[in-house]
file protein.json (JSON, C-alpha atoms)
[["chain", "number", "residue", "atom", "x", "y", "z"],
["A", 1, "MET", "CA", 59.51, 52.25, 101.67],
["A", 2, "SER", "CA", 62.32, 54.30, 103.12],
["A", 3, "LEU", "CA", 63.43, 57.49, 101.48],
["A", 4, "ARG", "CA", 67.02, 57.01, 102.63],
["A", 5, "THR", "CA", 69.70, 56.17, 100.10],
["A", 6, "PRO", "CA", 71.13, 52.62, 100.14],
["A", 7, "LEU", "CA", 74.49, 53.98, 101.32],
["A", 8, "GLY", "CA", 72.85, 55.92, 104.14],
["A", 9, "ARG", "CA", 70.93, 52.80, 105.21],
["A", 10, "VAL", "CA", 74.04, 50.67, 105.28],
["A", 11, "ARG", "CA", 76.05, 53.16, 107.27],
["A", 12, "GLY", "CA", 73.22, 54.03, 109.62],
["A", 13, "LEU", "CA", 74.55, 57.55, 109.97],
["A", 14, "GLY", "CA", 72.88, 60.82, 109.19],
["A", 15, "THR", "CA", 74.58, 63.54, 107.21],
["A", 16, "ALA", "CA", 77.70, 65.18, 108.55],
["A", 17, "LYS", "CA", 75.67, 68.41, 108.77],
["A", 18, "ASP", "CA", 78.29, 70.35, 106.86],
["A", 19, "GLY", "CA", 76.77, 70.07, 103.39],
["A", 20, "THR", "CA", 76.63, 73.80, 102.73],
["A", 21, "ASP", "CA", 79.81, 74.75, 104.59],
["A", 22, "HIS", "CA", 82.10, 74.50, 101.56],
["A", 23, "PHE", "CA", 79.74, 76.55, 99.39],
["A", 24, "TRP", "CA", 79.19, 79.17, 102.07],
["A", 25, "VAL", "CA", 82.82, 79.72, 103.09],
["A", 26, "GLN", "CA", 83.79, 79.94, 99.40],
["A", 27, "ARG", "CA", 81.34, 82.87, 99.05],
["A", 28, "VAL", "CA", 82.31, 84.60, 102.30],
["A", 29, "THR", "CA", 86.02, 84.50, 101.45],
["A", 30, "ALA", "CA", 85.14, 85.73, 97.93],
["A", 31, "LEU", "CA", 83.31, 88.69, 99.43],
["A", 32, "ALA", "CA", 86.34, 89.51, 101.62],
["A", 33, "LEU", "CA", 88.65, 89.27, 98.60],
["A", 34, "VAL", "CA", 86.67, 91.82, 96.55],
["A", 35, "PRO", "CA", 88.18, 94.81, 98.41],
["A", 36, "LEU", "CA", 91.38, 93.03, 99.50],
["A", 37, "SER", "CA", 92.56, 92.05, 95.98],
["A", 38, "PRO", "CA", 92.87, 95.58, 94.55],
["A", 39, "LEU", "CA", 94.67, 96.64, 97.75],
["A", 40, "PHE", "CA", 97.06, 93.74, 97.25],
["A", 41, "VAL", "CA", 97.80, 94.82, 93.67],
["A", 42, "GLY", "CA", 98.57, 98.33, 94.93],
["A", 43, "LEU", "CA", 100.84, 96.91, 97.64],
["A", 44, "VAL", "CA", 102.75, 94.79, 95.11],
["A", 45, "TRP", "CA", 103.31, 97.89, 92.96],
["A", 46, "SER", "CA", 104.68, 99.77, 95.96],
["A", 47, "PHE", "CA", 107.23, 96.94, 96.41],
["A", 48, "ASN", "CA", 108.41, 97.39, 92.81],
["A", 49, "GLY", "CA", 112.02, 98.51, 92.82],
["A", 50, "ALA", "CA", 111.90, 99.07, 96.59],
["A", 51, "ASP", "CA", 114.85, 98.18, 98.79],
["A", 52, "ARG", "CA", 114.40, 96.05, 101.89],
["A", 53, "ALA", "CA", 114.26, 99.02, 104.28],
["A", 54, "ASP", "CA", 111.32, 100.48, 102.29],
["A", 55, "VAL", "CA", 109.45, 97.17, 102.51],
["A", 56, "ILE", "CA", 110.09, 96.90, 106.26],
["A", 57, "ALA", "CA", 108.94, 100.49, 106.79],
["A", 58, "LEU", "CA", 105.74, 99.86, 104.82],
["A", 59, "MET", "CA", 104.98, 96.57, 106.57],
["A", 60, "GLY", "CA", 105.65, 98.25, 109.91],
["A", 61, "ASN", "CA", 102.34, 100.06, 109.40],
["A", 62, "PRO", "CA", 99.91, 97.76, 111.27],
["A", 63, "LEU", "CA", 97.08, 98.53, 108.84],
["A", 64, "VAL", "CA", 99.19, 97.41, 105.88],
["A", 65, "SER", "CA", 100.45, 94.21, 107.52],
["A", 66, "SER", "CA", 96.99, 93.37, 108.91],
["A", 67, "LEU", "CA", 95.27, 93.80, 105.53],
["A", 68, "PHE", "CA", 98.07, 91.81, 103.87],
["A", 69, "ILE", "CA", 97.58, 88.93, 106.34],
["A", 70, "LEU", "CA", 93.81, 89.06, 105.81],
["A", 71, "PHE", "CA", 94.37, 88.86, 102.05],
["A", 72, "ILE", "CA", 96.73, 85.90, 102.46],
["A", 73, "VAL", "CA", 94.40, 83.95, 104.77],
["A", 74, "ALA", "CA", 91.21, 84.65, 102.79],
["A", 75, "GLY", "CA", 93.00, 84.07, 99.48],
["A", 76, "ILE", "CA", 94.62, 80.77, 100.40],
["A", 77, "TYR", "CA", 91.43, 79.47, 102.04],
["A", 78, "HIS", "CA", 89.46, 80.44, 98.93],
["A", 79, "ALA", "CA", 92.08, 78.77, 96.70],
["A", 80, "LYS", "CA", 92.10, 75.61, 98.81],
["A", 81, "LEU", "CA", 88.31, 75.27, 98.51],
["A", 82, "GLY", "CA", 88.41, 75.95, 94.78],
["A", 83, "VAL", "CA", 91.25, 73.56, 93.97],
["A", 84, "ARG", "CA", 89.44, 70.87, 95.96],
["A", 85, "VAL", "CA", 86.47, 71.09, 93.60],
["A", 86, "VAL", "CA", 88.73, 70.97, 90.54],
["A", 87, "ILE", "CA", 90.47, 67.85, 91.89],
["A", 88, "GLU", "CA", 87.14, 66.18, 92.71],
["A", 89, "ASP", "CA", 85.89, 66.94, 89.19],
["A", 90, "TYR", "CA", 88.85, 65.71, 87.18],
["A", 91, "ILE", "CA", 90.68, 63.04, 89.18],
["A", 92, "HIS", "CA", 88.65, 59.85, 89.14],
["A", 93, "SER", "CA", 91.07, 57.40, 90.74],
["A", 94, "GLU", "CA", 90.11, 57.28, 94.42],
["A", 95, "GLY", "CA", 93.68, 56.91, 95.71],
["A", 96, "LEU", "CA", 95.15, 59.69, 93.60],
["A", 97, "LYS", "CA", 92.21, 61.95, 94.43],
["A", 98, "LEU", "CA", 92.70, 61.46, 98.17],
["A", 99, "ALA", "CA", 96.47, 61.96, 97.88],
["A", 100, "SER", "CA", 95.95, 65.20, 95.90],
["A", 101, "LEU", "CA", 93.41, 66.53, 98.38],
["A", 102, "ILE", "CA", 95.75, 65.84, 101.30],
["A", 103, "LEU", "CA", 98.65, 67.45, 99.42],
["A", 104, "VAL", "CA", 96.57, 70.58, 98.70],
["A", 105, "SER", "CA", 95.54, 70.77, 102.36],
["A", 106, "LEU", "CA", 99.10, 70.47, 103.62],
["A", 107, "LEU", "CA", 100.42, 72.92, 101.02],
["A", 108, "SER", "CA", 97.71, 75.46, 101.87],
["A", 109, "PHE", "CA", 98.53, 75.42, 105.56],
["A", 110, "GLY", "CA", 102.28, 75.28, 104.92],
["A", 111, "LEU", "CA", 102.40, 78.15, 102.42],
["A", 112, "GLY", "CA", 99.89, 80.17, 104.46],
["A", 113, "THR", "CA", 102.00, 79.84, 107.61],
["A", 114, "ALA", "CA", 105.19, 80.74, 105.72],
["A", 115, "CYS", "CA", 103.51, 83.86, 104.28],
["A", 116, "VAL", "CA", 102.03, 85.06, 107.58],
["A", 117, "VAL", "CA", 105.27, 84.47, 109.52],
["A", 118, "SER", "CA", 107.21, 86.34, 106.80],
["A", 119, "VAL", "CA", 104.82, 89.31, 106.97],
["A", 120, "LEU", "CA", 105.20, 89.37, 110.77],
["A", 121, "ILE", "CA", 109.00, 89.25, 110.58],
["A", 122, "LEU", "CA", 108.97, 92.22, 108.18],
["A", 123, "ALA", "CA", 106.32, 94.03, 110.24],
["A", 124, "PHE", "CA", 108.45, 93.75, 113.37],
["A", 125, "GLY", "CA", 111.52, 95.16, 111.66],
["A", 126, "GLY", "CA", 113.01, 92.29, 109.58],
["B", 1, "MET", "CA", 70.98, 49.73, 82.58],
["B", 2, "ALA", "CA", 72.94, 48.66, 79.55],
["B", 3, "GLN", "CA", 76.30, 50.28, 79.05],
["B", 4, "THR", "CA", 76.41, 52.39, 75.92],
["B", 5, "ASP", "CA", 79.27, 54.18, 74.20],
["B", 6, "ARG", "CA", 77.33, 57.32, 73.57],
["B", 7, "PRO", "CA", 79.45, 60.47, 73.83],
["B", 8, "LEU", "CA", 79.22, 62.37, 77.08],
["B", 9, "SER", "CA", 77.80, 65.85, 77.04],
["B", 10, "PRO", "CA", 79.24, 68.37, 76.27],
["B", 11, "HIS", "CA", 80.91, 66.56, 73.39],
["B", 12, "LEU", "CA", 83.92, 68.78, 72.89],
["B", 13, "GLN", "CA", 84.61, 67.99, 69.20],
["B", 14, "VAL", "CA", 81.19, 69.22, 68.09],
["B", 15, "TYR", "CA", 80.46, 71.65, 70.92],
["B", 16, "ARG", "CA", 80.09, 75.23, 69.77],
["B", 17, "PRO", "CA", 81.45, 77.47, 72.52],
["B", 18, "GLN", "CA", 79.37, 80.45, 73.63],
["B", 19, "LEU", "CA", 80.49, 83.46, 75.66],
["B", 20, "THR", "CA", 78.84, 82.02, 78.78],
["B", 21, "SER", "CA", 80.64, 78.67, 78.65],
["B", 22, "VAL", "CA", 83.99, 80.19, 77.66],
["B", 23, "LEU", "CA", 83.87, 82.65, 80.57],
["B", 24, "SER", "CA", 82.98, 79.80, 82.92],
["B", 25, "VAL", "CA", 85.99, 77.75, 81.78],
["B", 26, "PHE", "CA", 88.12, 80.89, 82.09],
["B", 27, "HIS", "CA", 86.94, 81.40, 85.66],
["B", 28, "ARG", "CA", 88.12, 77.95, 86.68],
["B", 29, "GLY", "CA", 91.34, 78.27, 84.69],
["B", 30, "THR", "CA", 92.29, 81.62, 86.19],
["B", 31, "GLY", "CA", 91.40, 80.26, 89.64],
["B", 32, "VAL", "CA", 93.88, 77.40, 89.20],
["B", 33, "VAL", "CA", 96.55, 79.80, 87.89],
["B", 34, "LEU", "CA", 96.03, 82.10, 90.89],
["B", 35, "SER", "CA", 96.34, 79.12, 93.25],
["B", 36, "ILE", "CA", 99.74, 78.44, 91.68],
["B", 37, "GLY", "CA", 100.42, 82.16, 92.15],
["B", 38, "VAL", "CA", 100.32, 81.57, 95.92],
["B", 39, "ILE", "CA", 103.66, 79.79, 95.48],
["B", 40, "PHE", "CA", 105.11, 82.87, 93.73],
["B", 41, "LEU", "CA", 103.82, 85.14, 96.51],
["B", 42, "THR", "CA", 105.28, 82.87, 99.21],
["B", 43, "PHE", "CA", 108.60, 82.84, 97.33],
["B", 44, "TRP", "CA", 108.80, 86.65, 97.42],
["B", 45, "LEU", "CA", 107.62, 87.03, 101.04],
["B", 46, "VAL", "CA", 109.90, 84.35, 102.51],
["B", 47, "ALA", "CA", 112.90, 85.76, 100.64],
["B", 48, "ALA", "CA", 112.08, 89.28, 101.81],
["B", 49, "ALA", "CA", 111.88, 88.08, 105.42],
["B", 50, "TRP", "CA", 114.99, 85.88, 105.04],
["B", 51, "GLY", "CA", 117.54, 88.64, 104.58],
["B", 52, "PRO", "CA", 119.11, 91.20, 102.22],
["B", 53, "ALA", "CA", 120.76, 88.70, 99.83],
["B", 54, "ALA", "CA", 117.58, 86.65, 99.29],
["B", 55, "PHE", "CA", 115.55, 89.86, 99.02],
["B", 56, "ASN", "CA", 117.83, 91.28, 96.31],
["B", 57, "PHE", "CA", 117.56, 87.99, 94.41],
["B", 58, "VAL", "CA", 113.72, 88.00, 94.27],
["B", 59, "GLN", "CA", 113.59, 91.74, 93.55],
["B", 60, "ALA", "CA", 115.90, 91.15, 90.57],
["B", 61, "PHE", "CA", 113.68, 88.28, 89.38],
["B", 62, "TYR", "CA", 110.37, 90.15, 89.64],
["B", 63, "GLY", "CA", 111.98, 93.33, 88.29],
["B", 64, "SER", "CA", 113.25, 91.58, 85.12],
["B", 65, "TRP", "CA", 111.27, 91.47, 81.87],
["B", 66, "PHE", "CA", 110.40, 87.85, 82.61],
["B", 67, "GLY", "CA", 109.26, 88.78, 86.12],
["B", 68, "TYR", "CA", 107.08, 91.55, 84.65],
["B", 69, "LEU", "CA", 105.60, 89.05, 82.20],
["B", 70, "VAL", "CA", 104.77, 86.65, 85.07],
["B", 71, "LEU", "CA", 103.20, 89.49, 87.08],
["B", 72, "LEU", "CA", 101.27, 90.74, 84.04],
["B", 73, "GLY", "CA", 99.79, 87.25, 83.62],
["B", 74, "PHE", "CA", 98.89, 86.95, 87.29],
["B", 75, "SER", "CA", 97.37, 90.45, 87.42],
["B", 76, "PHE", "CA", 95.21, 89.68, 84.38],
["B", 77, "CYS", "CA", 94.05, 86.41, 86.00],
["B", 78, "LEU", "CA", 93.39, 88.18, 89.32],
["B", 79, "PHE", "CA", 91.30, 90.95, 87.74],
["B", 80, "TYR", "CA", 89.36, 88.49, 85.56],
["B", 81, "HIS", "CA", 88.64, 86.15, 88.47],
["B", 82, "LEU", "CA", 87.68, 89.14, 90.62],
["B", 83, "CYS", "CA", 85.28, 90.62, 88.05],
["B", 84, "ASN", "CA", 83.70, 87.32, 87.09],
["B", 85, "GLY", "CA", 83.63, 86.39, 90.78],
["B", 86, "VAL", "CA", 81.48, 89.45, 91.47],
["B", 87, "ARG", "CA", 79.22, 88.24, 88.62],
["B", 88, "HIS", "CA", 79.00, 84.88, 90.41],
["B", 89, "LEU", "CA", 78.11, 86.58, 93.71],
["B", 90, "PHE", "CA", 75.19, 88.33, 91.97],
["B", 91, "TRP", "CA", 74.02, 84.96, 90.64],
["B", 92, "ASP", "CA", 74.26, 83.53, 94.17],
["B", 93, "ALA", "CA", 71.89, 86.32, 95.23],
["B", 94, "GLY", "CA", 69.54, 85.24, 92.41],
["B", 95, "ILE", "CA", 70.20, 88.26, 90.22],
["B", 96, "GLY", "CA", 71.01, 88.38, 86.50],
["B", 97, "PHE", "CA", 69.99, 84.98, 85.13],
["B", 98, "ASP", "CA", 68.07, 86.04, 82.00],
["B", 99, "MET", "CA", 69.92, 85.57, 78.72],
["B", 100, "GLU", "CA", 70.28, 89.24, 77.88],
["B", 101, "THR", "CA", 71.75, 90.12, 81.31],
["B", 102, "LEU", "CA", 74.03, 87.04, 81.20],
["B", 103, "TYR", "CA", 75.60, 88.19, 77.95],
["B", 104, "ARG", "CA", 75.75, 91.82, 78.97],
["B", 105, "SER", "CA", 77.45, 91.02, 82.30],
["B", 106, "GLY", "CA", 79.80, 88.65, 80.47],
["B", 107, "TRP", "CA", 81.01, 91.36, 78.12],
["B", 108, "ALA", "CA", 81.18, 93.79, 81.05],
["B", 109, "VAL", "CA", 83.52, 91.36, 82.83],
["B", 110, "LEU", "CA", 85.84, 91.22, 79.81],
["B", 111, "ILE", "CA", 85.90, 94.99, 79.39],
["B", 112, "ALA", "CA", 86.41, 95.57, 83.14],
["B", 113, "THR", "CA", 89.25, 93.02, 83.22],
["B", 114, "ALA", "CA", 91.07, 94.69, 80.34],
["B", 115, "GLY", "CA", 90.42, 98.13, 81.84],
["B", 116, "LEU", "CA", 91.60, 97.25, 85.35],
["B", 117, "THR", "CA", 94.70, 95.44, 84.09],
["B", 118, "LEU", "CA", 95.69, 98.34, 81.84],
["B", 119, "PHE", "CA", 94.87, 100.87, 84.58],
["B", 120, "ALA", "CA", 96.96, 99.02, 87.21],
["B", 121, "TRP", "CA", 99.96, 98.77, 84.88],
["B", 122, "PHE", "CA", 99.62, 102.32, 83.64],
["B", 123, "ILE", "CA", 99.52, 103.73, 87.18],
["B", 124, "GLY", "CA", 102.23, 101.36, 88.41],
["B", 125, "LEU", "CA", 104.65, 102.15, 85.62],
["B", 126, "ALA", "CA", 103.86, 105.88, 85.75],
["B", 127, "MET", "CA", 104.72, 105.88, 89.48],
["B", 128, "GLY", "CA", 108.30, 105.18, 88.57],
["B", 129, "GLY", "CA", 108.47, 101.56, 87.34]]

call {"tool": "encode", "arguments": {"input": "protein.json", "output": "structure tokens"}}
result
Amino acid sequence: MSLRTPLGRVRGLGTAKDGTDHFWVQRVTALALVPLSPLFVGLVWSFNGADRADVIALMGNPLVSSLFILFIVAGIYHAKLGVRVVIEDYIHSEGLKLASLILVSLLSFGLGTACVVSVLILAFGG
Amino acid sequence: MAQTDRPLSPHLQVYRPQLTSVLSVFHRGTGVVLSIGVIFLTFWLVAAAWGPAAFNFVQAFYGSWFGYLVLLGFSFCLFYHLCNGVRHLFWDAGIGFDMETLYRSGWAVLIATAGLTLFAWFIGLAMGG
């Protein structure tokens, strides 16, 4: 008797070898976000009531813009992984599930790129 | 196996919520809200990069009472998800699974969330609003 699942037997393929990747990257990005999130809150407060020249001056500090970009990348990656699980849990129609997952992927990369490019524009003087 | 119409577990109409399950649902809920928050962050950043007119528009939005309300909601969700996320990281390391610790860390998360949210807004508003 084979220990392989019926689906595995039919397909004749092994695993994709990325079974723990989602879990692991979710945790690593979480770890990065522990210090980055409070810094982000502080940064948002410093934008409160600021005019555009203040924002450009602040973002011109490479440490500020670098940490901001790290927060954006880690945050959006973490969100993308999390929303994927939520979609897989609650959307049972195969077509709608696939469409939602693709939409979340495209949105994540689209919004992430828009954020990073915007930070760079401000960092280099608006 | 014969199909039965037995209710699935947990059966929400008769399910008595406990701190542990409520915090778990909250973690997912705040995570989804924060994902939507990415759109609000992108909105501000793109407008700031776009030019003075767009920048003044988003600053007026986030500086209004409604903007403050939105930011208060997001900051609460961020601090909750952060605190409970740290709790999750301890679990991933195999720490804190006994009932007493579970409840104690759960209450600690709630207190820390309230404390951090109040602290951030107190400092922020004191710095000149």

call {"tool": "closest_residue", "arguments": {"input": "protein.json", "among": "A:Gly112, A:Gly60, A:Gly19, A:Gly8", "to": "chain B", "atoms": "all atoms listed in the file"}}
result
A:Gly112

call {"tool": "interface_residues", "arguments": {"input": "protein.json", "of": "chain B", "to": "chain A", "cutoff": "6 Å", "atoms": "only C-alpha atoms", "output": "PyMOL selection string"}}
result
chain B and resi 35+42+45-46+49+124

call {"tool": "closest_residue", "arguments": {"input": "protein.json", "among": "B:Leu110, B:Met127, B:Ile39, B:Val22", "to": "B:Phe74", "atoms": "all atoms listed in the file"}}
result
B:Ile39

call {"tool": "atom_distance", "arguments": {"input": "protein.json", "atom1": "atom CA of A:Gln26", "atom2": "atom CA of A:Thr5"}}
result
27.6 Å

call {"tool": "atom_distance", "arguments": {"input": "protein.json", "atom1": "atom CA of B:Ser24", "atom2": "atom CA of B:His88"}}
result
9.9 Å

call {"tool": "atom_distance", "arguments": {"input": "protein.json", "atom1": "atom CA of B:Gln18", "atom2": "atom CA of B:Leu69"}}
result
28.9 Å

call {"tool": "axis_aligned_box", "arguments": {"input": "protein.json", "around": "stretch 19-35 of chain B", "padding_each_side": "8 Å", "output": "JSON"}}
result
{"center_x": 87.7, "center_y": 80.4, "center_z": 84.5, "size_x": 33.7, "size_y": 22.1, "size_z": 33.6}

call {"tool": "closest_residue", "arguments": {"input": "protein.json", "among": "B:Val14, B:Thr20, B:Phe61, B:Leu72", "to": "B:Arg104", "atoms": "only C-alpha atoms"}}
result
B:Thr20

call {"tool": "residues_around", "arguments": {"input": "protein.json", "residues": "B:Thr30", "least_positions_apart": "2", "cutoff": "9 Å", "atoms": "only C-alpha atoms", "output": "list in words"}}
result
Val25, Phe26, His27, Arg28, Val32, Val33, Leu34, Ser35, Phe74, Phe76, Cys77, Leu78, Tyr80 and His81 of chain B

call {"tool": "write_last_selection", "arguments": {"input": "protein.json", "atoms": "C-alpha atoms", "output": "PDB file, in the coordinates of the input"}}
result
ATOM      1  CA  VAL B  25      85.990  77.750  81.780  1.00  0.00           C
ATOM      2  CA  PHE B  26      88.120  80.890  82.090  1.00  0.00           C
ATOM      3  CA  HIS B  27      86.940  81.400  85.660  1.00  0.00           C
ATOM      4  CA  ARG B  28      88.120  77.950  86.680  1.00  0.00           C
ATOM      5  CA  VAL B  32      93.880  77.400  89.200  1.00  0.00           C
ATOM      6  CA  VAL B  33      96.550  79.800  87.890  1.00  0.00           C
ATOM      7  CA  LEU B  34      96.030  82.100  90.890  1.00  0.00           C
ATOM      8  CA  SER B  35      96.340  79.120  93.250  1.00  0.00           C
ATOM      9  CA  PHE B  74      98.890  86.950  87.290  1.00  0.00           C
ATOM     10  CA  PHE B  76      95.210  89.680  84.380  1.00  0.00           C
ATOM     11  CA  CYS B  77      94.050  86.410  86.000  1.00  0.00           C
ATOM     12  CA  LEU B  78      93.390  88.180  89.320  1.00  0.00           C
ATOM     13  CA  TYR B  80      89.360  88.490  85.560  1.00  0.00           C
ATOM     14  CA  HIS B  81      88.640  86.150  88.470  1.00  0.00           C
TER      15      HIS B  81
END

call {"tool": "closest_residue", "arguments": {"input": "protein.json", "among": "B:Gly63, B:Asn84, B:Gly31, B:Ser105", "to": "B:Trp44", "atoms": "only C-alpha atoms"}}
result
B:Gly63

call {"tool": "residues_around", "arguments": {"input": "protein.json", "residues": "A:Ser105", "least_positions_apart": "4", "cutoff": "10 Å", "atoms": "only C-alpha atoms", "output": "number ranges by chain"}}
result
A: 77, 80-81, 83-84, 99-101, 109-110

call {"tool": "closest_residue", "arguments": {"input": "protein.json", "among": "B:Ala120, B:Ala108, B:Leu19, B:Val38", "to": "A:Leu39", "atoms": "only C-alpha atoms"}}
result
B:Ala120

call {"tool": "decode", "arguments": {"input": "protein.json", "residues": "stretch 31-95 of chain B", "atoms": "C-alpha atoms", "output": "PDB file, in the first residue's frame"}}
result
ATOM      1  CA  GLY B  31      -5.376  42.582  10.200  1.00  0.00           C
ATOM      2  CA  VAL B  32      -7.990  43.005   7.469  1.00  0.00           C
ATOM      3  CA  VAL B  33      -8.653  46.617   8.535  1.00  0.00           C
ATOM      4  CA  LEU B  34      -4.918  47.388   8.439  1.00  0.00           C
ATOM      5  CA  SER B  35      -4.679  45.862   4.957  1.00  0.00           C
ATOM      6  CA  ILE B  36      -7.367  48.318   3.867  1.00  0.00           C
ATOM      7  CA  GLY B  37      -5.296  50.981   5.646  1.00  0.00           C
ATOM      8  CA  VAL B  38      -2.569  50.419   3.033  1.00  0.00           C
ATOM      9  CA  ILE B  39      -4.911  52.170   0.579  1.00  0.00           C
ATOM     10  CA  PHE B  40      -5.180  55.179   2.937  1.00  0.00           C
ATOM     11  CA  LEU B  41      -1.385  55.306   3.307  1.00  0.00           C
ATOM     12  CA  THR B  42      -0.881  55.112  -0.471  1.00  0.00           C
ATOM     13  CA  PHE B  43      -3.456  57.895  -0.915  1.00  0.00           C
ATOM     14  CA  TRP B  44      -1.483  60.220   1.378  1.00  0.00           C
ATOM     15  CA  LEU B  45       1.964  59.334  -0.017  1.00  0.00           C
ATOM     16  CA  VAL B  46       1.019  59.630  -3.698  1.00  0.00           C
ATOM     17  CA  ALA B  47      -0.703  62.967  -3.077  1.00  0.00           C
ATOM     18  CA  ALA B  48       2.308  64.255  -1.146  1.00  0.00           C
ATOM     19  CA  ALA B  49       4.619  63.273  -4.001  1.00  0.00           C
ATOM     20  CA  TRP B  50       2.188  64.591  -6.650  1.00  0.00           C
ATOM     21  CA  GLY B  51       2.421  68.271  -5.809  1.00  0.00           C
ATOM     22  CA  PRO B  52       1.367  71.108  -3.475  1.00  0.00           C
ATOM     23  CA  ALA B  53      -2.355  71.123  -4.409  1.00  0.00           C
ATOM     24  CA  ALA B  54      -2.819  67.367  -3.889  1.00  0.00           C
ATOM     25  CA  PHE B  55      -0.728  67.534  -0.716  1.00  0.00           C
ATOM     26  CA  ASN B  56      -2.883  70.321   0.760  1.00  0.00           C
ATOM     27  CA  PHE B  57      -5.999  68.293  -0.062  1.00  0.00           C
ATOM     28  CA  VAL B  58      -4.875  65.150   1.839  1.00  0.00           C
ATOM     29  CA  GLN B  59      -3.479  67.196   4.730  1.00  0.00           C
ATOM     30  CA  ALA B  60      -6.886  68.875   5.067  1.00  0.00           C
ATOM     31  CA  PHE B  61      -8.600  65.462   4.995  1.00  0.00           C
ATOM     32  CA  TYR B  62      -6.366  63.798   7.599  1.00  0.00           C
ATOM     33  CA  GLY B  63      -6.317  66.977   9.698  1.00  0.00           C
ATOM     34  CA  SER B  64     -10.143  67.147   9.893  1.00  0.00           C
ATOM     35  CA  TRP B  65     -12.150  65.575  12.727  1.00  0.00           C
ATOM     36  CA  PHE B  66     -13.144  62.770  10.372  1.00  0.00           C
ATOM     37  CA  GLY B  67      -9.518  62.235   9.378  1.00  0.00           C
ATOM     38  CA  TYR B  68      -8.560  62.073  13.068  1.00  0.00           C
ATOM     39  CA  LEU B  69     -11.314  59.527  13.642  1.00  0.00           C
ATOM     40  CA  VAL B  70     -10.001  57.371  10.766  1.00  0.00           C
ATOM     41  CA  LEU B  71      -6.443  57.624  12.107  1.00  0.00           C
ATOM     42  CA  LEU B  72      -7.590  56.863  15.663  1.00  0.00           C
ATOM     43  CA  GLY B  73      -9.254  53.676  14.373  1.00  0.00           C
ATOM     44  CA  PHE B  74      -6.198  52.631  12.380  1.00  0.00           C
ATOM     45  CA  SER B  75      -3.803  53.375  15.264  1.00  0.00           C
ATOM     46  CA  PHE B  76      -5.918  51.270  17.631  1.00  0.00           C
ATOM     47  CA  CYS B  77      -5.947  48.396  15.103  1.00  0.00           C
ATOM     48  CA  LEU B  78      -2.183  48.736  14.539  1.00  0.00           C
ATOM     49  CA  PHE B  79      -1.336  48.653  18.250  1.00  0.00           C
ATOM     50  CA  TYR B  80      -3.715  45.750  18.909  1.00  0.00           C
ATOM     51  CA  HIS B  81      -2.381  43.712  15.982  1.00  0.00           C
ATOM     52  CA  LEU B  82       1.180  44.549  17.049  1.00  0.00           C
ATOM     53  CA  CYS B  83       0.669  43.512  20.694  1.00  0.00           C
ATOM     54  CA  ASN B  84      -1.291  40.374  19.901  1.00  0.00           C
ATOM     55  CA  GLY B  85       1.190  39.650  17.097  1.00  0.00           C
ATOM     56  CA  VAL B  86       4.005  39.594  19.655  1.00  0.00           C
ATOM     57  CA  ARG B  87       1.845  37.158  21.672  1.00  0.00           C
ATOM     58  CA  HIS B  88       1.607  35.001  18.541  1.00  0.00           C
ATOM     59  CA  LEU B  89       5.385  35.110  18.052  1.00  0.00           C
ATOM     60  CA  PHE B  90       5.849  33.779  21.603  1.00  0.00           C
ATOM     61  CA  TRP B  91       3.432  30.945  20.797  1.00  0.00           C
ATOM     62  CA  ASP B  92       5.419  30.196  17.628  1.00  0.00           C
ATOM     63  CA  ALA B  93       8.458  29.798  19.894  1.00  0.00           C
ATOM     64  CA  GLY B  94       6.414  27.360  22.014  1.00  0.00           C
ATOM     65  CA  ILE B  95       6.019  29.704  24.972  1.00  0.00           C
TER      66      ILE B  95
END
